[in-house]
file input_23.csv (CSV, C-alpha atoms)
chain,number,residue,atom,x,y,z
K,6,MET,CA,-1.3,11.6,-34.5
K,7,LYS,CA,0.0,8.2,-35.6
K,8,ILE,CA,2.1,5.7,-33.5
K,9,ARG,CA,3.3,2.1,-33.7
K,10,SER,CA,4.2,-0.1,-30.7
K,11,THR,CA,3.7,-3.7,-29.6
K,12,LYS,CA,0.5,-4.8,-27.9
K,13,GLN,CA,2.4,-5.7,-24.7
K,14,GLN,CA,4.1,-2.3,-24.4
K,15,LEU,CA,0.9,-0.3,-25.0
K,16,LEU,CA,-1.2,-2.4,-22.7
K,17,ASN,CA,1.4,-2.3,-19.9
K,18,ALA,CA,1.5,1.5,-20.2
K,19,VAL,CA,-2.3,1.7,-20.3
K,20,ASN,CA,-2.5,-0.5,-17.2
K,21,ILE,CA,0.0,1.6,-15.3
K,22,ALA,CA,-1.6,4.9,-16.1
K,23,GLY,CA,-5.0,3.4,-15.5
K,24,ARG,CA,-4.4,3.2,-11.8
K,25,ALA,CA,-5.3,6.9,-11.7
K,26,VAL,CA,-8.4,6.8,-13.9
K,27,ALA,CA,-11.5,8.2,-12.1
K,28,VAL,CA,-14.2,5.6,-11.4
K,29,LYS,CA,-17.0,7.8,-10.2
K,30,THR,CA,-16.9,11.3,-11.5
K,31,THR,CA,-19.0,14.1,-12.8
K,32,MET,CA,-16.2,15.0,-15.3
K,33,PRO,CA,-16.2,12.4,-18.1
K,34,ILE,CA,-12.7,13.5,-19.2
K,35,LEU,CA,-11.3,12.0,-16.0
K,36,GLU,CA,-12.4,8.6,-17.3
K,37,CYS,CA,-10.0,9.0,-20.2
K,38,LEU,CA,-6.3,8.6,-20.9
K,39,LEU,CA,-4.3,11.4,-22.4
K,40,ILE,CA,-1.9,10.0,-25.0
K,41,THR,CA,0.9,12.3,-26.3
K,42,ALA,CA,3.3,11.3,-29.0
K,43,ASP,CA,6.5,13.3,-29.7
K,44,ASN,CA,10.3,12.9,-30.1
K,45,MET,CA,10.5,11.4,-26.6
K,46,GLY,CA,8.1,8.6,-27.4
K,47,ILE,CA,4.6,7.9,-26.3
K,48,SER,CA,3.4,9.2,-22.9
K,49,ILE,CA,0.1,8.0,-21.4
K,50,MET,CA,-1.5,9.9,-18.5
K,51,ALA,CA,-4.5,9.6,-16.2
K,52,ASN,CA,-5.7,12.0,-13.5
K,53,ASP,CA,-8.6,11.5,-11.1
K,54,GLY,CA,-8.2,14.9,-9.4
K,55,GLU,CA,-6.4,13.4,-6.4
K,56,MET,CA,-3.8,11.3,-8.0
K,57,ALA,CA,-2.1,11.3,-11.5
K,58,VAL,CA,0.1,8.8,-13.3
K,59,ASN,CA,2.2,9.6,-16.4
K,60,THR,CA,4.2,6.8,-17.9
K,61,LEU,CA,6.4,6.8,-21.0
K,62,ILE,CA,7.2,4.3,-23.8
K,63,PRO,CA,10.5,5.7,-24.9
K,64,SER,CA,11.2,6.5,-28.5
K,65,GLU,CA,13.6,3.6,-28.9
K,66,LYS,CA,10.8,1.1,-28.1
K,67,CYS,CA,8.1,2.6,-30.4
K,68,GLU,CA,7.6,4.6,-33.5
K,69,VAL,CA,6.1,8.1,-33.7
K,70,ALA,CA,5.1,8.6,-37.3
K,71,GLU,CA,3.1,11.7,-36.5
K,72,ALA,CA,3.2,13.7,-33.3
K,73,GLY,CA,0.1,14.8,-31.5
K,74,THR,CA,-2.2,14.4,-28.5
K,75,ILE,CA,-5.5,12.6,-28.0
K,76,ALA,CA,-7.8,11.6,-25.2
K,77,VAL,CA,-9.7,8.3,-25.3
K,78,GLU,CA,-11.8,6.4,-22.8
K,79,ALA,CA,-9.5,4.3,-20.7
K,80,LYS,CA,-11.7,1.3,-20.1
K,81,LEU,CA,-12.6,1.0,-23.8
K,82,LEU,CA,-8.9,1.3,-24.9
K,83,SER,CA,-7.8,-1.3,-22.4
K,84,GLU,CA,-10.4,-3.8,-23.6
K,85,ILE,CA,-9.5,-3.3,-27.2
K,86,LEU,CA,-5.8,-3.8,-26.6
K,87,ARG,CA,-6.5,-7.0,-24.7
K,88,LYS,CA,-8.6,-8.5,-27.5
K,89,ILE,CA,-7.1,-7.1,-30.7
K,90,SER,CA,-4.5,-9.8,-31.0
K,91,SER,CA,-3.6,-13.0,-29.2
K,92,SER,CA,0.2,-12.2,-29.5
K,93,ASP,CA,1.8,-9.8,-27.1
K,94,ASP,CA,4.4,-9.0,-29.7
K,95,ALA,CA,1.8,-8.0,-32.4
K,96,GLU,CA,2.3,-4.6,-33.8
K,97,VAL,CA,-0.5,-2.1,-32.9
K,98,ILE,CA,-1.0,1.1,-35.0
K,99,LEU,CA,-3.0,3.9,-33.3
K,100,SER,CA,-3.9,7.0,-35.3
K,101,SER,CA,-6.3,9.9,-35.1
K,102,ASP,CA,-7.8,12.3,-37.5
K,103,GLY,CA,-9.1,14.7,-34.8
K,104,ASN,CA,-12.5,13.0,-34.6
K,105,LEU,CA,-12.0,9.2,-34.6
K,106,VAL,CA,-9.2,7.1,-33.2
K,107,GLU,CA,-8.3,4.0,-35.3
K,108,ILE,CA,-6.6,1.1,-33.5
K,109,SER,CA,-5.5,-1.7,-35.8
K,110,SER,CA,-3.4,-4.9,-35.6
K,111,GLY,CA,-3.3,-7.4,-38.4
K,112,LYS,CA,-6.7,-7.7,-40.0
K,113,ALA,CA,-8.6,-6.1,-37.1
K,114,MET,CA,-9.4,-2.4,-36.9
K,115,PHE,CA,-11.4,-0.5,-34.3
K,116,ARG,CA,-12.7,3.0,-34.6
K,117,ILE,CA,-13.7,4.8,-31.4
K,118,GLN,CA,-14.7,8.4,-30.6
K,119,GLU,CA,-11.9,10.7,-29.6
K,120,LYS,CA,-12.5,13.1,-26.6
K,121,ASP,CA,-11.3,16.7,-26.4
K,122,PRO,CA,-7.7,16.6,-25.0
K,123,VAL,CA,-7.9,20.3,-24.1
K,124,GLN,CA,-10.4,19.4,-21.3
K,125,PHE,CA,-7.9,17.1,-19.7
K,126,PRO,CA,-6.4,18.7,-16.5
K,127,GLU,CA,-2.7,19.6,-16.5
K,128,LEU,CA,-0.3,18.1,-14.0
K,129,PRO,CA,0.4,20.6,-11.2
K,130,SER,CA,3.9,22.0,-10.9
K,131,VAL,CA,5.7,20.3,-8.0
K,132,ASN,CA,8.9,21.3,-6.3
K,133,GLU,CA,11.2,18.2,-6.3
K,134,ASN,CA,14.0,19.7,-4.3
K,135,VAL,CA,13.1,17.8,-1.1
K,136,LYS,CA,13.4,14.2,-1.9
K,137,VAL,CA,14.5,10.7,-0.7
K,138,ILE,CA,15.7,7.8,-2.7
K,139,LEU,CA,14.7,4.2,-1.8
K,140,SER,CA,15.0,0.9,-3.7
K,141,GLU,CA,11.8,-0.5,-5.1
K,142,PHE,CA,12.2,-3.5,-2.8
K,143,THR,CA,12.4,-1.3,0.3
K,144,LEU,CA,9.4,0.8,-0.6
K,145,LYS,CA,7.3,-2.2,-1.5
K,146,GLU,CA,8.2,-3.8,1.9
K,147,ILE,CA,7.4,-0.7,3.8
K,148,VAL,CA,3.9,-0.4,2.3
K,149,ARG,CA,3.3,-4.2,2.8
K,150,ASP,CA,4.3,-4.0,6.4
K,151,THR,CA,2.0,-1.0,7.3
K,152,ILE,CA,-0.9,-0.5,4.8
K,153,PHE,CA,-3.2,-3.0,6.6
K,154,SER,CA,-3.5,-0.6,9.6
K,155,ILE,CA,-5.0,2.4,7.7
K,156,SER,CA,-8.7,3.1,8.3
K,157,LEU,CA,-11.1,2.4,5.4
K,158,ASN,CA,-13.6,4.8,7.0
K,159,ASP,CA,-13.4,8.4,5.7
K,160,SER,CA,-14.8,9.9,8.9
K,161,ASN,CA,-11.2,10.7,10.0
K,162,ARG,CA,-9.3,11.3,6.8
K,163,MET,CA,-5.9,11.3,8.5
K,164,MET,CA,-6.4,7.6,9.4
K,165,THR,CA,-6.8,6.8,5.7
K,166,GLY,CA,-3.2,7.8,5.1
K,167,GLU,CA,0.3,7.0,6.4
K,168,LEU,CA,2.7,9.3,8.1
K,169,PHE,CA,6.1,9.5,6.3
K,170,GLU,CA,8.7,11.2,8.5
K,171,ILE,CA,12.4,11.6,7.8
K,172,LYS,CA,14.8,12.5,10.5
K,173,ASP,CA,18.5,12.5,9.4
K,174,ASN,CA,19.1,9.1,8.0
K,175,VAL,CA,15.9,7.3,9.2
K,176,LEU,CA,12.5,7.0,7.5
K,177,THR,CA,9.6,6.3,9.9
K,178,VAL,CA,6.3,5.2,8.4
K,179,ILE,CA,3.2,5.0,10.7
K,180,ALA,CA,-0.3,3.8,10.0
K,181,LEU,CA,-3.2,3.5,12.5
K,182,ASP,CA,-6.9,2.9,12.5
K,183,GLY,CA,-7.9,3.5,16.2
K,184,HIS,CA,-7.5,-0.1,17.2
K,185,ARG,CA,-3.8,-0.7,16.2
K,186,VAL,CA,-0.7,1.1,15.1
K,187,SER,CA,1.9,-0.2,12.6
K,188,ILE,CA,5.4,1.4,12.6
K,189,ARG,CA,8.3,0.7,10.3
K,190,ASN,CA,11.7,2.4,10.8
K,191,THR,CA,14.0,2.2,7.8
K,192,PRO,CA,17.7,3.3,7.8
K,193,LEU,CA,18.6,5.4,4.7
K,194,THR,CA,21.9,5.5,2.9
K,195,ALA,CA,22.2,9.3,3.4
K,196,SER,CA,20.9,12.0,5.7
K,197,TYR,CA,18.0,14.2,4.5
K,198,ASP,CA,16.2,17.3,5.6
K,199,HIS,CA,13.4,16.8,8.1
K,200,VAL,CA,10.1,15.8,6.4
K,201,ARG,CA,6.7,15.0,8.0
K,202,THR,CA,3.8,14.4,5.6
K,203,ILE,CA,0.7,12.3,5.3
K,204,ILE,CA,0.4,10.2,2.1
K,205,PRO,CA,-3.0,8.7,1.2
K,206,GLY,CA,-3.2,5.0,1.6
K,207,LYS,CA,-4.7,4.6,-1.9
K,208,THR,CA,-1.6,6.3,-3.4
K,209,LEU,CA,0.8,4.0,-1.5
K,210,SER,CA,-1.2,0.9,-2.4
K,211,GLU,CA,-1.2,1.8,-6.1
K,212,VAL,CA,2.5,2.7,-6.3
K,213,SER,CA,3.3,-0.6,-4.5
K,214,LYS,CA,1.3,-2.5,-7.2
K,215,ILE,CA,3.1,-0.8,-10.1
K,216,ILE,CA,6.7,-1.1,-8.9
K,217,SER,CA,8.4,-4.5,-9.4
K,218,GLY,CA,10.1,-4.7,-6.0
K,219,ASP,CA,13.6,-5.0,-7.7
K,220,ALA,CA,16.3,-4.2,-5.1
K,221,GLU,CA,18.5,-2.8,-7.9
K,222,LYS,CA,15.9,-0.2,-9.0
K,223,ASN,CA,15.3,3.0,-7.2
K,224,VAL,CA,12.2,5.2,-6.5
K,225,VAL,CA,12.7,8.9,-6.0
K,226,ILE,CA,10.1,10.3,-3.6
K,227,SER,CA,9.7,14.1,-3.6
K,228,PHE,CA,7.8,16.1,-1.1
K,229,ASP,CA,6.0,19.4,-1.8
K,230,PRO,CA,3.8,21.3,0.6
K,231,ASN,CA,0.7,20.0,-1.2
K,232,TYR,CA,1.9,17.0,-3.2
K,233,VAL,CA,4.1,13.9,-3.1
K,234,SER,CA,5.6,12.4,-6.2
K,235,PHE,CA,7.1,9.0,-7.0
K,236,ARG,CA,9.5,8.6,-10.0
K,237,PHE,CA,10.6,5.2,-11.1
K,238,ASP,CA,11.5,3.6,-14.4
K,239,GLU,CA,9.7,5.7,-17.0
K,240,THR,CA,6.8,6.6,-14.7
K,241,LEU,CA,5.8,9.5,-12.5
K,242,MET,CA,3.0,9.2,-9.9
K,243,LEU,CA,1.8,12.4,-8.3
K,244,SER,CA,-0.6,12.6,-5.4
K,245,ARG,CA,-2.1,15.2,-3.1
K,246,ILE,CA,-1.1,14.8,0.5
K,247,ILE,CA,-3.5,14.8,3.4
K,248,ASP,CA,-3.5,18.1,5.1
K,249,GLY,CA,-3.3,18.3,8.9
K,250,ASP,CA,-1.2,17.3,11.9
K,251,TYR,CA,-0.8,13.6,12.3
K,252,PHE,CA,-1.4,11.9,15.6
K,253,ARG,CA,1.4,12.2,18.2
K,254,ILE,CA,1.9,8.6,19.4
K,255,GLU,CA,5.2,8.9,21.1
K,256,SER,CA,3.7,8.7,24.5
K,257,MET,CA,2.1,5.4,23.6
K,258,LEU,CA,5.5,3.8,22.7
K,259,THR,CA,6.6,2.7,26.2
K,260,SER,CA,9.4,0.2,26.7
K,261,ASP,CA,7.9,-0.9,30.1
K,262,TYR,CA,6.3,-4.3,30.3
K,263,ASP,CA,5.2,-6.8,33.0
K,264,THR,CA,4.9,-9.8,30.7
K,265,LYS,CA,7.1,-10.7,27.8
K,266,ILE,CA,6.8,-13.9,25.6
K,267,THR,CA,8.7,-15.2,22.6
K,268,VAL,CA,7.1,-17.8,20.4
K,269,ASN,CA,7.7,-19.5,17.1
K,270,LYS,CA,6.0,-17.2,14.5
K,271,LYS,CA,4.7,-19.9,12.2
K,272,GLU,CA,3.3,-22.0,15.1
K,273,PHE,CA,1.6,-18.9,16.5
K,274,LEU,CA,0.3,-17.8,13.1
K,275,ASP,CA,-1.1,-21.3,12.4
K,276,ALA,CA,-2.8,-21.5,15.8
K,277,ILE,CA,-4.5,-18.1,15.3
K,278,GLU,CA,-5.7,-19.1,11.8
K,279,GLN,CA,-7.2,-22.2,13.3
K,280,SER,CA,-9.1,-20.1,15.8
K,281,THR,CA,-10.7,-18.0,13.1
K,282,VAL,CA,-12.6,-21.0,11.8
K,283,LEU,CA,-14.9,-20.6,14.9
K,284,ILE,CA,-15.3,-16.9,14.7
K,285,ARG,CA,-17.8,-15.3,12.3
K,286,GLU,CA,-17.5,-11.7,11.3
K,287,ASN,CA,-20.6,-10.6,13.2
K,288,ASP,CA,-19.9,-12.8,16.2
K,289,LYS,CA,-17.0,-10.6,17.5
K,290,LYS,CA,-15.8,-13.3,19.8
K,291,PRO,CA,-12.2,-12.6,21.0
K,292,LEU,CA,-9.1,-14.8,20.9
K,293,VAL,CA,-7.9,-15.2,24.5
K,294,LEU,CA,-4.2,-15.7,25.2
K,295,LYS,CA,-3.3,-17.3,28.5
K,296,ILE,CA,0.3,-16.8,29.2
K,297,GLU,CA,1.9,-19.1,31.7
K,298,GLU,CA,5.4,-20.4,32.5
K,299,GLU,CA,6.9,-21.9,29.2
K,300,LYS,CA,3.4,-22.0,27.6
K,301,LEU,CA,1.1,-19.8,25.6
K,302,GLY,CA,-2.5,-20.9,25.6
K,303,LEU,CA,-5.1,-19.9,22.9
K,304,ARG,CA,-8.8,-20.1,23.6
K,305,VAL,CA,-12.0,-19.3,21.7
K,306,ASN,CA,-15.6,-19.8,22.9
K,307,SER,CA,-18.1,-18.9,20.1
K,308,LEU,CA,-21.6,-19.8,19.1
K,309,ILE,CA,-20.1,-22.4,16.7
K,310,GLY,CA,-17.8,-24.1,19.1
K,311,SER,CA,-14.6,-23.8,21.2
K,312,LEU,CA,-10.9,-24.1,20.7
K,313,ASP,CA,-8.2,-24.8,23.2
K,314,ALA,CA,-4.6,-24.9,22.0
K,315,SER,CA,-1.1,-24.3,23.4
K,316,LEU,CA,2.3,-23.4,22.2
K,317,PRO,CA,5.7,-23.5,23.9
K,318,ALA,CA,6.9,-20.1,24.8
K,319,GLU,CA,9.7,-18.3,26.6
K,320,LYS,CA,8.1,-16.1,29.2
K,321,THR,CA,9.6,-13.3,31.3
K,322,GLY,CA,7.5,-11.7,34.0
K,323,ALA,CA,3.9,-12.2,35.3
K,324,ASP,CA,1.3,-14.7,34.1
K,325,LEU,CA,-1.5,-12.9,32.1
K,326,MET,CA,-4.8,-13.5,30.3
K,327,ILE,CA,-5.5,-11.0,27.5
K,328,ALA,CA,-7.9,-11.0,24.6
K,329,PHE,CA,-7.6,-9.7,21.0
K,330,ASN,CA,-9.4,-9.4,17.7
K,331,PRO,CA,-7.5,-12.3,16.0
K,332,LYS,CA,-7.4,-10.4,12.6
K,333,PHE,CA,-5.2,-7.7,14.1
K,334,LEU,CA,-2.6,-10.3,15.3
K,335,LEU,CA,-2.8,-12.1,11.9
K,336,ASP,CA,-2.2,-9.0,9.9
K,337,ALA,CA,1.0,-8.2,11.9
K,338,LEU,CA,2.4,-11.7,12.0
K,339,ARG,CA,1.9,-12.3,8.2
K,340,VAL,CA,4.4,-9.5,7.4
K,341,ILE,CA,7.1,-10.3,9.9
K,342,ASP,CA,9.8,-12.3,8.2
K,343,GLU,CA,11.5,-13.8,11.3
K,344,GLU,CA,11.4,-17.2,12.9
K,345,THR,CA,10.3,-16.0,16.3
K,346,VAL,CA,8.3,-13.0,17.5
K,347,THR,CA,8.2,-11.3,20.9
K,348,LEU,CA,5.2,-9.7,22.5
K,349,TYR,CA,5.4,-7.2,25.3
K,350,MET,CA,2.4,-6.6,27.6
K,351,THR,CA,1.6,-4.7,30.8
K,352,ASN,CA,-2.0,-5.9,31.7
K,353,SER,CA,-5.2,-7.1,30.1
K,354,LYS,CA,-6.3,-3.5,29.4
K,355,ALA,CA,-3.1,-2.0,28.0
K,356,PRO,CA,-1.8,-2.3,24.4
K,357,CYS,CA,0.3,-5.2,23.3
K,358,PHE,CA,3.6,-4.5,21.4
K,359,ILE,CA,5.1,-6.8,18.9
K,360,ARG,CA,8.6,-5.6,18.0
K,361,ASP,CA,12.1,-6.7,17.2
K,362,GLU,CA,15.1,-5.6,19.3
K,363,LYS,CA,16.2,-2.9,16.9
K,364,LYS,CA,12.6,-1.6,16.7
K,365,THR,CA,12.7,-1.9,12.9
K,366,TYR,CA,9.0,-2.8,13.2
K,367,ILE,CA,6.6,-2.1,16.0
K,368,TYR,CA,3.0,-3.3,16.0
K,369,LEU,CA,0.8,-1.9,18.8
K,370,ILE,CA,-2.6,-3.7,19.2
K,371,LEU,CA,-5.3,-2.8,21.6
K,372,PRO,CA,-6.8,-5.6,23.6
K,373,VAL,CA,-10.6,-6.2,23.8
K,374,ASN,CA,-12.8,-6.7,26.8
K,375,PHE,CA,-13.7,-10.3,27.8
K,376,ASN,CA,-15.0,-12.3,30.8
K,377,PRO,CA,-12.1,-14.3,32.2
K,378,ALA,CA,-14.5,-16.6,34.0
K,379,ALA,CA,-15.7,-17.9,30.6
K,380,TYR,CA,-12.2,-19.0,29.7

call {"tool": "encode", "arguments": {"input": "input_23.csv", "output": "structure tokens"}}
result
Amino acid sequence: MKIRSTKQQLLNAVNIAGRAVAVKTTMPILECLLITADNMGISIMANDGEMAVNTLIPSEKCEVAEAGTIAVEAKLLSEILRKISSSDDAEVILSSDGNLVEISSGKAMFRIQEKDPVQFPELPSVNENVKVILSEFTLKEIVRDTIFSISLNDSNRMMTGELFEIKDNVLTVIALDGHRVSIRNTPLTASYDHVRTIIPGKTLSEVSKIISGDAEKNVVISFDPNYVSFRFDETLMLSRIIDGDYFRIESMLTSDYDTKITVNKKEFLDAIEQSTVLIRENDKKPLVLKIEEEKLGLRVNSLIGSLDASLPAEKTGADLMIAFNPKFLLDALRVIDEETVTLYMTNSKAPCFIRDEKKTYIYLILPVNFNPAAY
């Protein structure tokens, strides 16, 4: 095999495919990239057993002097490409004799050991008949608005993923970790068959990092009984889904409330961030909200000190004192792109809802126990 391309193109493709390189594995071949050169161009693939990425440098952007397939250690190839030239436009020549891979640019030449490409796992065959089309911007926003609510603890694997459910022309995405729920409802440009599947959070995080977020570019998401795939630009990302029945949260999504407040989002966000200065991670002291007529009070009493702040607020219903882990409020507020936010509450033991009127987004946050007399 012998190929020519610019340093920037090769490195970009290596970085994209590298999202699926195995980090800890008993199979050394999964630490490699599979590079295939043919009349289509140069394809670079990684596969960690759960997720695979295959990206193409099309033939019009490179030169394939000799077709072939090789496998090379991903981390080593990436480091060589980064350092082989200071110019992104420098030509890089990569060739193989079946034993060693030569990577050269200008006066520099590296020779590294080639791995056996036959050992590299093939991509599974996936039925792409059931699919939905989103803009890169929309998908990136959906992931940003929900991913923080997945669980990082593998004890309940379903909580490490997000539910994607399509009903007619609406995509609903749900993430939860046992303390909070994030829901994003997105209208689609067409109606689709019903889909309900759980996509690993790692997959969604990686695809969100790769796509540019361009509103003019589309991502085709295809759903198979065992896999989900994302096609965009010249890249295919394939991932196993999480098997099982996702949590039924419909009964939690009540529209009833006894207290409703609307506040300026930035002022609320700033006040909560101020409160975190006094709360250490192991301290577990809550942020207490005291809701009164035309005023929202924020109070913290910790081992370090105390905070007492207040914001103007529009209140409907009863006065209320309720406490939260401030991080959960911060995570939700940071992704809401509106001037004001509205919170709906029933009592100090029941979940708080942050949502807009159209229920495009819904954030459910469980309160924490506290001693009202201390505040």

call {"tool": "closest_atom_pairs", "arguments": {"input": "input_23.csv", "of": "region 301-369 of chain K", "to": "region 241-257 of chain K", "cutoff": "12 Å", "atoms": "all atoms listed in the file", "output": "CSV"}}
result
residue,atom,partner,partner_atom,distance
K:Ala355,CA,K:Met257,CA,10.1
K:Pro356,CA,K:Met257,CA,8.7
K:Cys357,CA,K:Met257,CA,10.8
K:Phe358,CA,K:Met257,CA,10.3
K:Ile367,CA,K:Met257,CA,11.6
K:Tyr368,CA,K:Met257,CA,11.6
K:Leu369,CA,K:Met257,CA,8.8

call {"tool": "residues_around", "arguments": {"input": "input_23.csv", "residues": "Lys145 (chain K)", "least_positions_apart": "5", "cutoff": "10 Å", "atoms": "only C-alpha atoms", "output": "PyMOL selection string"}}
result
chain K and resi 139-140+150+209-210+212-220

call {"tool": "closest_residue", "arguments": {"input": "input_23.csv", "among": "K:Asn134, K:Ser187, K:Ile327, K:Ser90", "to": "Ala113 (chain K)", "atoms": "all atoms listed in the file"}}
result
K:Ser90

call {"tool": "closest_residue", "arguments": {"input": "input_23.csv", "among": "K:Asn376, K:Asn269, K:Asn306, K:Ser92", "to": "Thr347 (chain K)", "atoms": "only C-alpha atoms"}}
result
K:Asn269

call {"tool": "residues_near_point", "arguments": {"input": "input_23.csv", "point": "(-7.9, -0.4, -32.4)", "cutoff": "8 Å", "atoms": "all atoms listed in the file", "output": "PDB file with C-alpha atoms, keeping the file's coordinate frame"}}
result
ATOM      1  CA  LEU K  82      -8.900   1.300 -24.900  1.00  0.00           C
ATOM      2  CA  ILE K  85      -9.500  -3.300 -27.200  1.00  0.00           C
ATOM      3  CA  LEU K  86      -5.800  -3.800 -26.600  1.00  0.00           C
ATOM      4  CA  ILE K  89      -7.100  -7.100 -30.700  1.00  0.00           C
ATOM      5  CA  VAL K  97      -0.500  -2.100 -32.900  1.00  0.00           C
ATOM      6  CA  ILE K  98      -1.000   1.100 -35.000  1.00  0.00           C
ATOM      7  CA  LEU K  99      -3.000   3.900 -33.300  1.00  0.00           C
ATOM      8  CA  VAL K 106      -9.200   7.100 -33.200  1.00  0.00           C
ATOM      9  CA  GLU K 107      -8.300   4.000 -35.300  1.00  0.00           C
ATOM     10  CA  ILE K 108      -6.600   1.100 -33.500  1.00  0.00           C
ATOM     11  CA  SER K 109      -5.500  -1.700 -35.800  1.00  0.00           C
ATOM     12  CA  SER K 110      -3.400  -4.900 -35.600  1.00  0.00           C
ATOM     13  CA  ALA K 113      -8.600  -6.100 -37.100  1.00  0.00           C
ATOM     14  CA  MET K 114      -9.400  -2.400 -36.900  1.00  0.00           C
ATOM     15  CA  PHE K 115     -11.400  -0.500 -34.300  1.00  0.00           C
ATOM     16  CA  ARG K 116     -12.700   3.000 -34.600  1.00  0.00           C
ATOM     17  CA  ILE K 117     -13.700   4.800 -31.400  1.00  0.00           C
TER      18      ILE K 117
END

call {"tool": "residues_around", "arguments": {"input": "input_23.csv", "residues": "Leu294 (chain K)", "least_positions_apart": "4", "cutoff": "10 Å", "atoms": "all atoms listed in the file", "output": "PDB file with C-alpha atoms, keeping the file's coordinate frame"}}
result
ATOM      1  CA  LEU K 301       1.100 -19.800  25.600  1.00  0.00           C
ATOM      2  CA  GLY K 302      -2.500 -20.900  25.600  1.00  0.00           C
ATOM      3  CA  LEU K 303      -5.100 -19.900  22.900  1.00  0.00           C
ATOM      4  CA  ARG K 304      -8.800 -20.100  23.600  1.00  0.00           C
ATOM      5  CA  VAL K 305     -12.000 -19.300  21.700  1.00  0.00           C
ATOM      6  CA  ALA K 314      -4.600 -24.900  22.000  1.00  0.00           C
ATOM      7  CA  SER K 315      -1.100 -24.300  23.400  1.00  0.00           C
ATOM      8  CA  LEU K 325      -1.500 -12.900  32.100  1.00  0.00           C
ATOM      9  CA  MET K 326      -4.800 -13.500  30.300  1.00  0.00           C
ATOM     10  CA  ILE K 327      -5.500 -11.000  27.500  1.00  0.00           C
ATOM     11  CA  ALA K 328      -7.900 -11.000  24.600  1.00  0.00           C
ATOM     12  CA  PHE K 329      -7.600  -9.700  21.000  1.00  0.00           C
ATOM     13  CA  SER K 353      -5.200  -7.100  30.100  1.00  0.00           C
ATOM     14  CA  TYR K 380     -12.200 -19.000  29.700  1.00  0.00           C
TER      15      TYR K 380
END
